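Undergrad: Contents of my_file-v3.cif (mmCIF, C-alpha atoms and all ligand atoms) are below:
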data_final
loop_
_atom_site.label_atom_id
_atom_site.label_comp_id
_atom_site.auth_asym_id
_atom_site.auth_seq_id
_atom_site.Cartn_x
_atom_site.Cartn_y
_atom_site.Cartn_z
CA MET A 1 8.50 -5.59 63.52
CA TYR A 2 8.26 -1.88 64.20
CA PHE A 3 11.74 -0.45 64.26
CA HIS A 4 11.45 3.06 65.62
CA THR A 5 13.59 3.14 68.72
CA THR A 6 12.26 6.23 70.36
CA MET A 7 12.00 6.22 74.09
CA PRO A 8 10.79 9.51 75.54
CA ASP A 9 13.71 11.96 75.48
CA GLU A 10 16.11 9.31 74.37
CA PHE A 11 17.19 8.70 70.80
CA THR A 12 15.80 7.71 67.41
CA VAL A 13 17.60 5.86 64.64
CA THR A 14 15.81 5.34 61.33
CA PRO A 15 17.09 5.36 57.73
CA TRP A 16 15.92 9.01 57.56
CA GLU A 17 16.83 10.51 60.86
CA VAL A 18 19.08 10.13 63.85
CA LYS A 19 18.01 12.13 66.87
CA GLY A 20 19.40 12.44 70.37
CA LYS A 21 22.54 10.88 71.82
CA VAL A 22 22.63 7.34 70.50
CA ASP A 23 23.33 4.60 73.01
CA TYR A 24 24.98 2.08 70.73
CA ASP A 25 24.87 -0.78 73.24
CA LYS A 26 21.13 -0.32 73.57
CA LEU A 27 20.77 -0.17 69.82
CA ILE A 28 22.42 -3.59 69.50
CA VAL A 29 19.76 -4.99 71.81
CA GLN A 30 16.88 -3.14 70.16
CA PHE A 31 17.93 -4.05 66.61
CA GLY A 32 18.91 -7.57 67.61
CA THR A 33 22.42 -7.38 66.13
CA GLN A 34 25.68 -8.68 67.59
CA LYS A 35 28.51 -6.73 69.13
CA ILE A 36 31.86 -7.07 67.36
CA THR A 37 33.80 -8.84 70.07
CA GLU A 38 37.53 -8.75 70.70
CA GLU A 39 37.66 -12.42 69.61
CA LEU A 40 36.06 -11.61 66.28
CA LYS A 41 38.48 -8.74 65.74
CA GLN A 42 41.39 -11.00 66.56
CA ARG A 43 40.10 -13.52 64.05
CA MET A 44 40.00 -10.85 61.34
CA LYS A 45 43.47 -9.70 62.28
CA ASN A 46 44.78 -13.24 61.97
CA LEU A 47 43.24 -13.50 58.52
CA VAL A 48 44.36 -10.21 57.01
CA GLY A 49 47.32 -9.16 59.13
CA GLU A 50 45.99 -5.92 60.65
CA LEU A 51 42.85 -4.14 61.76
CA HIS A 52 41.53 -0.94 60.24
CA VAL A 53 41.49 2.01 62.63
CA MET A 54 37.66 2.01 62.54
CA LEU A 55 37.65 -1.56 63.84
CA ARG A 56 40.33 -0.94 66.44
CA ARG A 57 38.34 2.01 67.77
CA ASN A 58 34.90 0.35 67.51
CA VAL A 59 33.52 2.81 64.96
CA PHE A 60 32.36 -0.40 63.29
CA PHE A 61 30.86 -1.93 66.37
CA SER A 62 28.01 -4.24 65.43
CA HIS A 63 27.38 -7.04 62.92
CA ARG A 64 25.24 -9.89 61.75
CA ASP A 65 26.86 -13.12 60.53
CA LEU A 66 30.34 -11.63 60.14
CA ASP A 67 31.60 -14.88 61.66
CA LEU A 68 29.88 -16.85 58.90
CA VAL A 69 31.42 -14.59 56.27
CA LEU A 70 34.86 -15.33 57.71
CA ASN A 71 34.05 -19.06 57.71
CA ASP A 72 33.13 -18.88 54.02
CA TYR A 73 36.31 -16.95 53.28
CA GLU A 74 38.44 -19.49 55.09
CA LYS A 75 36.76 -22.37 53.27
CA GLY A 76 37.46 -20.70 49.93
CA LYS A 77 33.75 -20.15 49.18
CA GLY A 78 34.31 -16.40 49.23
CA PHE A 79 31.80 -13.59 49.70
CA PHE A 80 30.99 -10.23 48.14
CA LEU A 81 30.54 -6.67 49.41
CA TYR A 82 27.60 -4.35 48.84
CA THR A 83 26.99 -0.79 49.96
CA GLY A 84 25.24 2.32 48.64
CA ARG A 85 24.34 5.93 48.67
CA ALA A 86 21.23 8.05 48.13
CA PRO A 87 22.72 10.95 46.15
CA SER A 88 22.49 14.46 47.49
CA LEU A 89 23.88 17.86 46.63
CA GLY A 90 27.40 17.44 48.03
CA MET A 91 28.60 14.65 50.28
CA HIS A 92 29.87 15.37 53.75
CA ILE A 93 32.68 13.72 55.59
CA GLY A 94 30.37 11.32 57.51
CA HIS A 95 29.12 9.81 54.25
CA LEU A 96 32.63 8.64 53.47
CA ILE A 97 32.92 6.47 56.58
CA PRO A 98 31.34 3.32 55.15
CA PHE A 99 33.15 3.78 51.84
CA ILE A 100 36.59 4.19 53.39
CA PHE A 101 36.05 1.07 55.45
CA THR A 102 34.60 -0.84 52.49
CA LYS A 103 37.72 -0.07 50.47
CA TRP A 104 39.82 -1.57 53.23
CA LEU A 105 37.70 -4.72 53.24
CA GLN A 106 37.94 -4.99 49.46
CA ASP A 107 41.72 -4.58 49.52
CA LYS A 108 42.21 -7.10 52.30
CA PHE A 109 39.83 -9.80 51.06
CA ASN A 110 40.12 -9.08 47.32
CA VAL A 111 36.40 -9.43 46.66
CA ASN A 112 33.76 -7.98 44.34
CA LEU A 113 31.94 -4.87 45.47
CA TYR A 114 28.57 -3.49 44.31
CA ILE A 115 27.69 0.13 45.02
CA GLU A 116 24.06 1.10 44.54
CA ILE A 117 23.28 4.76 43.83
CA THR A 118 19.63 5.29 44.64
CA ASP A 119 18.68 8.27 42.52
CA ASP A 120 15.13 6.84 42.56
CA GLU A 121 14.93 6.65 46.35
CA LYS A 122 16.12 10.20 46.80
CA PHE A 123 13.65 11.48 44.23
CA MET A 124 10.67 9.60 45.67
CA ARG A 125 11.39 10.48 49.25
CA ASN A 126 11.60 14.23 48.80
CA PRO A 127 8.66 16.09 47.27
CA GLU A 128 10.85 19.03 46.31
CA TYR A 129 13.53 17.18 44.29
CA THR A 130 13.31 16.53 40.55
CA LEU A 131 14.66 13.36 38.98
CA ASP A 132 17.07 15.48 36.93
CA GLN A 133 18.49 16.81 40.19
CA THR A 134 18.98 13.45 41.88
CA ARG A 135 20.59 12.08 38.70
CA SER A 136 23.04 14.94 38.47
CA TRP A 137 23.89 14.53 42.17
CA ALA A 138 24.44 10.85 41.43
CA TYR A 139 27.16 11.75 38.93
CA ASP A 140 28.72 14.10 41.41
CA ASN A 141 28.58 11.68 44.38
CA ILE A 142 29.98 8.83 42.27
CA LEU A 143 33.12 10.92 41.72
CA ASP A 144 33.54 11.25 45.48
CA ILE A 145 33.02 7.52 45.90
CA ILE A 146 35.51 6.60 43.17
CA ALA A 147 38.02 8.96 44.83
CA VAL A 148 38.08 6.61 47.82
CA GLY A 149 40.12 4.25 45.63
CA PHE A 150 38.19 1.07 44.85
CA ASN A 151 39.53 -1.65 42.58
CA PRO A 152 38.11 -0.87 39.09
CA ASP A 153 38.17 -4.54 38.03
CA LYS A 154 36.15 -5.68 41.01
CA THR A 155 33.76 -2.80 41.61
CA PHE A 156 30.45 -2.04 39.89
CA ILE A 157 28.78 1.29 40.61
CA PHE A 158 25.22 1.44 39.32
CA GLN A 159 22.36 3.89 39.38
CA ASP A 160 18.92 2.41 39.98
CA THR A 161 17.20 4.36 37.19
CA GLU A 162 19.76 2.95 34.70
CA TYR A 163 20.35 -0.58 35.93
CA ILE A 164 16.70 -1.34 36.75
CA ARG A 165 16.17 -3.56 33.70
CA ASN A 166 18.78 -6.07 34.88
CA MET A 167 17.59 -5.92 38.50
CA TYR A 168 13.88 -6.07 37.86
CA PRO A 169 13.40 -9.86 37.73
CA ILE A 170 14.98 -10.37 41.15
CA ALA A 171 13.26 -7.25 42.53
CA VAL A 172 9.79 -8.54 41.62
CA LYS A 173 10.56 -11.84 43.34
CA ILE A 174 11.56 -9.94 46.45
CA ALA A 175 8.56 -7.62 46.21
CA LYS A 176 6.17 -10.57 46.03
CA LYS A 177 7.52 -11.86 49.36
CA LEU A 178 7.04 -8.57 51.21
CA THR A 179 3.62 -7.40 52.35
CA PHE A 180 2.53 -3.79 52.52
CA SER A 181 1.91 -4.13 56.23
CA GLU A 182 5.49 -5.33 56.88
CA VAL A 183 7.02 -2.55 54.78
CA ARG A 184 4.69 0.03 56.28
CA ALA A 185 5.59 -1.00 59.81
CA THR A 186 9.31 -1.27 59.09
CA PHE A 187 9.61 2.15 57.48
CA GLY A 188 6.81 4.04 59.17
CA LEU A 189 4.86 4.54 55.90
CA ASP A 190 1.15 5.31 55.79
CA VAL A 191 -1.64 5.22 53.23
CA SER A 192 -0.65 8.62 51.90
CA SER A 193 2.90 7.47 51.10
CA ASN A 194 3.65 7.37 47.39
CA ILE A 195 3.64 3.86 45.96
CA GLY A 196 7.26 4.14 44.83
CA LEU A 197 8.42 4.11 48.43
CA ILE A 198 6.41 0.96 49.09
CA PHE A 199 8.25 -0.89 46.32
CA TYR A 200 11.64 0.71 46.90
CA PRO A 201 12.85 -1.73 49.62
CA ALA A 202 12.86 -4.48 46.96
CA LEU A 203 15.43 -2.44 45.05
CA GLN A 204 17.69 -1.89 48.03
CA ILE A 205 17.48 -5.62 48.84
CA ALA A 206 18.07 -6.82 45.24
CA PRO A 207 21.88 -6.35 45.20
CA THR A 208 22.23 -8.70 48.19
CA MET A 209 21.28 -11.36 45.62
CA PHE A 210 23.67 -10.37 42.84
CA GLU A 211 25.83 -13.43 43.55
CA LYS A 212 25.07 -16.81 45.06
CA LYS A 213 27.62 -16.13 47.77
CA ARG A 214 27.19 -14.52 51.14
CA CYS A 215 26.83 -10.75 50.89
CA LEU A 216 28.52 -8.53 53.48
CA ILE A 217 27.13 -5.01 53.81
CA PRO A 218 29.26 -2.32 55.45
CA ALA A 219 26.98 0.65 56.28
CA GLY A 220 25.77 2.93 59.02
CA ILE A 221 23.44 1.11 61.38
CA ASP A 222 20.55 3.32 60.22
CA GLN A 223 20.19 1.09 57.14
CA ASP A 224 19.51 -1.99 59.25
CA PRO A 225 15.70 -2.17 58.71
CA TYR A 226 16.24 -3.08 55.04
CA TRP A 227 18.47 -5.97 56.00
CA ARG A 228 16.00 -7.27 58.55
CA LEU A 229 13.43 -7.62 55.78
CA GLN A 230 16.06 -9.21 53.54
CA ARG A 231 16.89 -11.79 56.18
CA ASP A 232 13.24 -12.77 56.53
CA ILE A 233 12.93 -13.74 52.89
CA ALA A 234 16.38 -14.46 51.40
CA GLU A 235 16.51 -18.18 52.06
CA SER A 236 13.06 -18.78 50.62
CA LEU A 237 14.42 -17.34 47.36
CA GLY A 238 17.54 -19.51 47.46
CA TYR A 239 19.99 -16.85 48.68
CA TYR A 240 21.93 -16.22 51.86
CA LYS A 241 20.74 -13.95 54.59
CA ALA A 242 22.77 -10.75 54.19
CA ALA A 243 25.61 -10.29 56.64
CA GLN A 244 26.34 -6.80 57.88
CA ILE A 245 28.94 -4.73 59.61
CA HIS A 246 27.52 -1.54 61.11
CA SER A 247 29.15 1.77 61.90
CA LYS A 248 28.32 4.46 64.38
CA PHE A 249 27.59 7.96 63.09
CA LEU A 250 30.22 10.60 62.88
CA PRO A 251 28.74 13.19 65.25
CA PRO A 252 27.72 16.56 63.82
CA LEU A 253 30.05 19.47 64.46
CA THR A 254 27.49 21.07 66.71
CA GLY A 255 27.45 18.38 69.40
CA PRO A 256 27.41 14.68 70.21
CA GLU A 257 23.70 14.26 69.42
CA GLY A 258 22.20 13.07 66.12
CA LYS A 259 24.19 12.68 62.93
CA MET A 260 25.63 15.14 60.51
CA SER A 261 22.95 16.50 58.23
CA SER A 262 23.24 17.67 54.65
CA SER A 263 20.38 20.09 55.21
CA ASN A 264 22.16 21.89 58.03
CA PRO A 265 25.46 23.24 56.65
CA GLU A 266 27.02 24.28 59.94
CA THR A 267 26.70 20.74 61.31
CA ALA A 268 28.87 19.27 58.58
CA ILE A 269 32.15 19.52 56.71
CA TYR A 270 31.52 19.00 53.02
CA LEU A 271 34.01 17.37 50.72
CA VAL A 272 34.08 20.62 48.73
CA ASP A 273 34.80 22.87 51.73
CA ASP A 274 38.00 24.86 51.15
CA PRO A 275 40.68 25.28 53.85
CA LYS A 276 39.31 28.63 55.04
CA THR A 277 35.77 27.27 55.34
CA VAL A 278 37.01 24.23 57.26
CA GLU A 279 38.91 26.46 59.65
CA ARG A 280 35.97 28.81 60.15
CA LYS A 281 33.46 26.01 60.72
CA ILE A 282 35.63 24.11 63.17
CA MET A 283 36.62 27.19 65.12
CA LYS A 284 33.10 28.59 65.20
CA TYR A 285 30.79 25.57 65.43
CA ALA A 286 32.72 22.52 66.63
CA PHE A 287 31.29 21.58 69.99
CA SER A 288 33.98 21.61 72.64
CA GLY A 289 34.42 19.59 75.79
CA GLY A 290 36.78 22.26 77.08
CA GLN A 291 36.26 24.68 79.96
CA PRO A 292 34.91 28.21 79.42
CA THR A 293 38.20 29.96 80.32
CA ILE A 294 41.86 29.07 79.92
CA GLU A 295 42.37 29.19 83.69
CA LEU A 296 39.54 26.74 84.33
CA HIS A 297 40.72 24.54 81.47
CA ARG A 298 44.25 24.34 82.85
CA LYS A 299 42.78 23.48 86.24
CA TYR A 300 40.04 20.98 85.33
CA GLY A 301 40.97 19.87 81.81
CA GLY A 302 38.70 18.99 78.88
CA ASN A 303 36.27 16.15 78.34
CA PRO A 304 37.20 14.18 75.19
CA GLU A 305 34.04 12.03 75.40
CA ILE A 306 31.82 14.93 74.37
CA ASP A 307 34.37 16.97 72.45
CA VAL A 308 33.53 16.78 68.74
CA PRO A 309 37.04 17.64 67.39
CA PHE A 310 38.47 14.87 69.57
CA GLN A 311 35.78 12.45 68.44
CA TRP A 312 36.50 13.17 64.80
CA LEU A 313 40.21 12.60 65.32
CA TYR A 314 39.34 9.39 67.16
CA TYR A 315 36.99 8.09 64.45
CA PHE A 316 39.73 8.12 61.86
CA PHE A 317 41.52 11.39 61.21
CA GLU A 318 44.31 10.53 63.64
CA GLU A 319 45.13 6.92 62.84
CA ASP A 320 48.18 6.65 65.06
CA ASP A 321 47.09 4.93 68.29
CA ASN A 322 49.95 6.37 70.35
CA ARG A 323 49.34 9.89 69.12
CA ILE A 324 45.58 9.77 69.82
CA LYS A 325 46.29 8.54 73.33
CA GLU A 326 48.73 11.39 73.87
CA ILE A 327 46.20 13.95 72.60
CA GLU A 328 43.54 12.47 74.86
CA GLU A 329 45.77 12.63 77.93
CA GLU A 330 46.98 16.15 77.23
CA TYR A 331 43.47 17.40 76.64
CA ARG A 332 42.03 15.68 79.67
CA SER A 333 44.78 17.06 81.91
CA GLY A 334 44.33 20.63 80.64
CA LYS A 335 47.77 20.78 79.04
CA MET A 336 46.20 20.99 75.57
CA LEU A 337 43.72 23.81 74.98
CA THR A 338 40.53 23.64 72.92
CA GLY A 339 42.01 25.89 70.22
CA GLU A 340 45.07 23.65 69.93
CA LEU A 341 42.93 20.54 69.63
CA LYS A 342 40.78 22.20 66.99
CA GLN A 343 43.89 23.19 65.05
CA ILE A 344 45.07 19.57 64.95
CA LEU A 345 41.73 18.59 63.43
CA ILE A 346 41.74 21.50 60.96
CA ASP A 347 45.18 20.47 59.65
CA LYS A 348 44.19 16.82 59.36
CA LEU A 349 40.91 17.63 57.62
CA ASN A 350 42.49 20.01 55.17
CA SER A 351 45.19 17.61 54.09
CA PHE A 352 42.61 14.82 53.80
CA LEU A 353 40.31 17.02 51.69
CA GLU A 354 43.12 18.28 49.48
CA GLU A 355 44.10 14.71 48.61
CA HIS A 356 40.45 13.75 48.18
CA ARG A 357 39.86 16.54 45.68
CA ARG A 358 42.94 15.57 43.69
CA ARG A 359 41.64 12.02 43.44
CA ARG A 360 38.17 13.29 42.61
CA GLU A 361 39.57 15.05 39.53
CA GLU A 362 41.17 11.78 38.45
CA ALA A 363 37.85 10.01 39.04
CA LYS A 364 36.32 11.89 36.10
CA GLU A 365 38.39 9.67 33.81
CA LEU A 366 37.30 6.54 35.66
CA ILE A 367 33.55 6.97 35.94
CA GLN A 368 32.96 5.15 32.65
CA VAL A 369 35.06 2.22 33.90
CA PHE A 370 33.24 1.79 37.20
CA LYS A 371 29.78 2.16 35.63
CA TYR A 372 30.15 0.37 32.29
CA ASP A 373 33.55 -0.74 31.02
CA GLY A 374 35.40 -2.31 33.95
CA LYS A 375 35.68 -6.07 34.22
CA LEU A 376 32.91 -6.50 36.80
CA ALA A 377 30.75 -3.70 35.33
CA LYS A 378 30.77 -5.34 31.87
CA GLN A 379 29.87 -8.68 33.36
CA MET A 380 26.98 -7.12 35.28
CA TRP A 381 25.49 -5.36 32.28
CA GLU A 382 25.37 -8.71 30.50
CA LYS A 383 23.65 -10.37 33.42
CA ILE A 384 19.92 -10.37 34.19
CA HIS A 385 19.32 -11.19 37.85
CA GLU A 386 16.70 -13.90 37.69
P1 LIG B 401 22.67 7.50 52.61
O1 LIG B 401 23.00 8.17 51.33
O2 LIG B 401 21.75 8.19 53.55
O3 LIG B 401 24.00 7.20 53.37
C1 LIG B 401 25.10 6.54 52.74
C2 LIG B 401 25.90 5.77 53.77
O4 LIG B 401 26.48 6.67 54.71
C3 LIG B 401 26.12 6.31 56.04
N1 LIG B 401 26.09 7.56 56.82
C4 LIG B 401 26.94 7.83 57.83
N2 LIG B 401 27.91 7.09 58.38
C5 LIG B 401 28.59 7.62 59.42
N3 LIG B 401 28.35 8.85 59.92
C6 LIG B 401 27.39 9.64 59.40
N4 LIG B 401 27.16 10.85 59.91
C7 LIG B 401 26.62 9.14 58.30
N5 LIG B 401 25.60 9.60 57.54
C8 LIG B 401 25.29 8.64 56.66
C9 LIG B 401 24.79 5.57 55.89
O5 LIG B 401 24.54 4.72 56.96
C10 LIG B 401 25.03 4.80 54.60
O6 LIG B 401 25.78 3.62 54.85
N6 LIG B 401 19.21 3.98 51.36
C11 LIG B 401 20.63 4.30 51.41
C12 LIG B 401 21.35 4.03 50.10
C13 LIG B 401 21.69 2.59 49.94
C14 LIG B 401 22.55 1.83 50.77
C15 LIG B 401 22.57 0.51 50.25
C16 LIG B 401 23.30 2.16 51.91
C17 LIG B 401 21.24 1.75 48.96
N7 LIG B 401 21.78 0.49 49.15
C18 LIG B 401 23.35 -0.48 50.82
C19 LIG B 401 24.07 1.18 52.48
C20 LIG B 401 24.10 -0.14 51.96
C21 LIG B 401 20.83 5.74 51.87
O7 LIG B 401 19.91 6.53 51.88
O8 LIG B 401 22.13 6.03 52.29
#
Turn this file's structure into structure tokens for me.

TA:
Amino acid sequence: MYFHTTMPDEFTVTPWEVKGKVDYDKLIVQFGTQKITEELKQRMKNLVGELHVMLRRNVFFSHRDLDLVLNDYEKGKGFFLYTGRAPSLGMHIGHLIPFIFTKWLQDKFNVNLYIEITDDEKFMRNPEYTLDQTRSWAYDNILDIIAVGFNPDKTFIFQDTEYIRNMYPIAVKIAKKLTFSEVRATFGLDVSSNIGLIFYPALQIAPTMFEKKRCLIPAGIDQDPYWRLQRDIAESLGYYKAAQIHSKFLPPLTGPEGKMSSSNPETAIYLVDDPKTVERKIMKYAFSGGQPTIELHRKYGGNPEIDVPFQWLYYFFEEDDNRIKEIEEEYRSGKMLTGELKQILIDKLNSFLEEHRRRREEAKELIQVFKYDGKLAKQMWEKIHE
């Protein structure tokens, strides 16, 4: 079950890197997931009344067992949501994609949500980071996550290095089912890998077994290898195979290849970037599908398929379907210039970030609730996952 999807000069998608221009249809075949069909979308729409922009535009494009989750919901059995984050120094806008969509799912289906903050994973994976660092980033990233607006009664945010005692019994059961050779092959480890990384998958799988209901995981498709292992073993432990709904990657500013990287500041817009920085980065670095001169642009028009500002607007910054269509047509025809398109994105980003930062300040008062005192959090601290 080796998951690296590299073909010469093509693309790679692993939990640690995304390289090249990803062909998402091919990825569905290679990972063995299902495409989210129009029928499935219609079914969701019938259940909850509308579709999130990221579903309408196929940003969430792939799934496993989403149909079974909807069956369980219809039958009144219910389900729960689980997602997570490996904390880093400052989140970028791409990291918010799964969280924004998860909030929508929670609001529409009114279900419990578990958010795992893997301060351990981040520490073990990077030789240069200290545990103190990854823990302080955890605090910081949790504020950004809370700012997305989850329901405090139904959301539990936990850090592995704190919640481990309650998770450990289920984690050891999972660990006993996984062999070193499977984990090594799935994650490309070798005999020089530290032993923490060998055990870590058990900790990312554990929350899928926090309830005896079906678990639905909204996440980027790079996390899929963990869920493949989970699905091999879940039923033998008396739990459901985890269902998933996978997103594409918000492309980096610098071009349609790869994904935005925290280690490469010009490829990303950070949640802390001020209006001037946003403007400078978009104007300077955002890869354009426009023509090199105004004359040529007016004549031949731009190419929205490769234009990063357009793609960002399409992913979710311009939610209005009529408006995005208008922008696309004007840009393609040459009526709208690259600078004008970039300005639309700059304005959208800056108002989004301003609101985000306001909510992030408020989140400081709520962190205790999501981690310890909220209804679900309290319940979870009392529970040992056997
Ligand atoms: P991490 O911190 O690398 O990423 C957090 C989430 O963000 C998604 N993501 C993106 N989505 C769209 N566009 C991008 N450019 C982009 N970059 C990252 C990731 O797919 C992920 O959903 N091991 C995990 C932490 C984790 C987790 C989980 C994630 C623990 N349990 C359960 C998802 C679900 C990690 O390193 O995520």

Undergrad: What's around Leu131 of chain A at 10 Å? Count only C-alpha atoms, leave out sequence neighbours fewer than 6 positions away in its own chain, and write the answer as a list of chain:residue names.

TA: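 Result of the neighbour search: A:Asp119, A:Asp120, A:Glu121, A:Lys122, A:Phe123, A:Met124, A:Trp137, A:Thr161.
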
Undergrad: Let me see if you get this right: every residue at most 6 Å from ligand LIG 401 (chain B), counting only C-alpha atoms and all ligand atoms, written as a CSV table (one decimal) with C-alpha atoms, keeping the file's coordinate frame.

TA:
chain,number,residue,atom,x,y,z
A,83,THR,CA,27.0,-0.8,50.0
A,84,GLY,CA,25.2,2.3,48.6
A,85,ARG,CA,24.3,5.9,48.7
A,86,ALA,CA,21.2,8.0,48.1
A,87,PRO,CA,22.7,11.0,46.2
A,94,GLY,CA,30.4,11.3,57.5
A,95,HIS,CA,29.1,9.8,54.2
A,97,ILE,CA,32.9,6.5,56.6
A,98,PRO,CA,31.3,3.3,55.2
A,116,GLU,CA,24.1,1.1,44.5
A,118,THR,CA,19.6,5.3,44.6
A,204,GLN,CA,17.7,-1.9,48.0
A,219,ALA,CA,27.0,0.6,56.3
A,220,GLY,CA,25.8,2.9,59.0
A,221,ILE,CA,23.4,1.1,61.4
A,222,ASP,CA,20.6,3.3,60.2
A,223,GLN,CA,20.2,1.1,57.1
A,248,LYS,CA,28.3,4.5,64.4
A,249,PHE,CA,27.6,8.0,63.1
A,250,LEU,CA,30.2,10.6,62.9
A,259,LYS,CA,24.2,12.7,62.9
A,260,MET,CA,25.6,15.1,60.5

Undergrad: Tell me which protein, DNA and RNA residues are within 9 Å of Glu328 of chain A, counting all atoms listed in the file, leaving out same-chain ones fewer than 5 positions away, and put them as a PyMOL selection string.

TA: chain A and resi 303-304+310+323+333+336

Undergrad: Using all atoms listed in the file, pick whichever of A:Phe199, A:Tyr139, A:Phe109, A:Phe210 has the shortest atom-to-atom distance to Tyr82 of chain A.

TA: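 Closest to Tyr82 of chain A, using all atoms listed in the file: A:Phe210.
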
Undergrad: Pick from A:Phe60, A:Tyr200, A:Tyr331, A:Trp16: nearest to Ile164 of chain A, with all atoms listed in the file counted?

TA: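 Checking each of A:Phe60, A:Tyr200, A:Tyr331, A:Trp16 against Ile164 of chain A, counting all atoms listed in the file, the winner is A:Tyr200.
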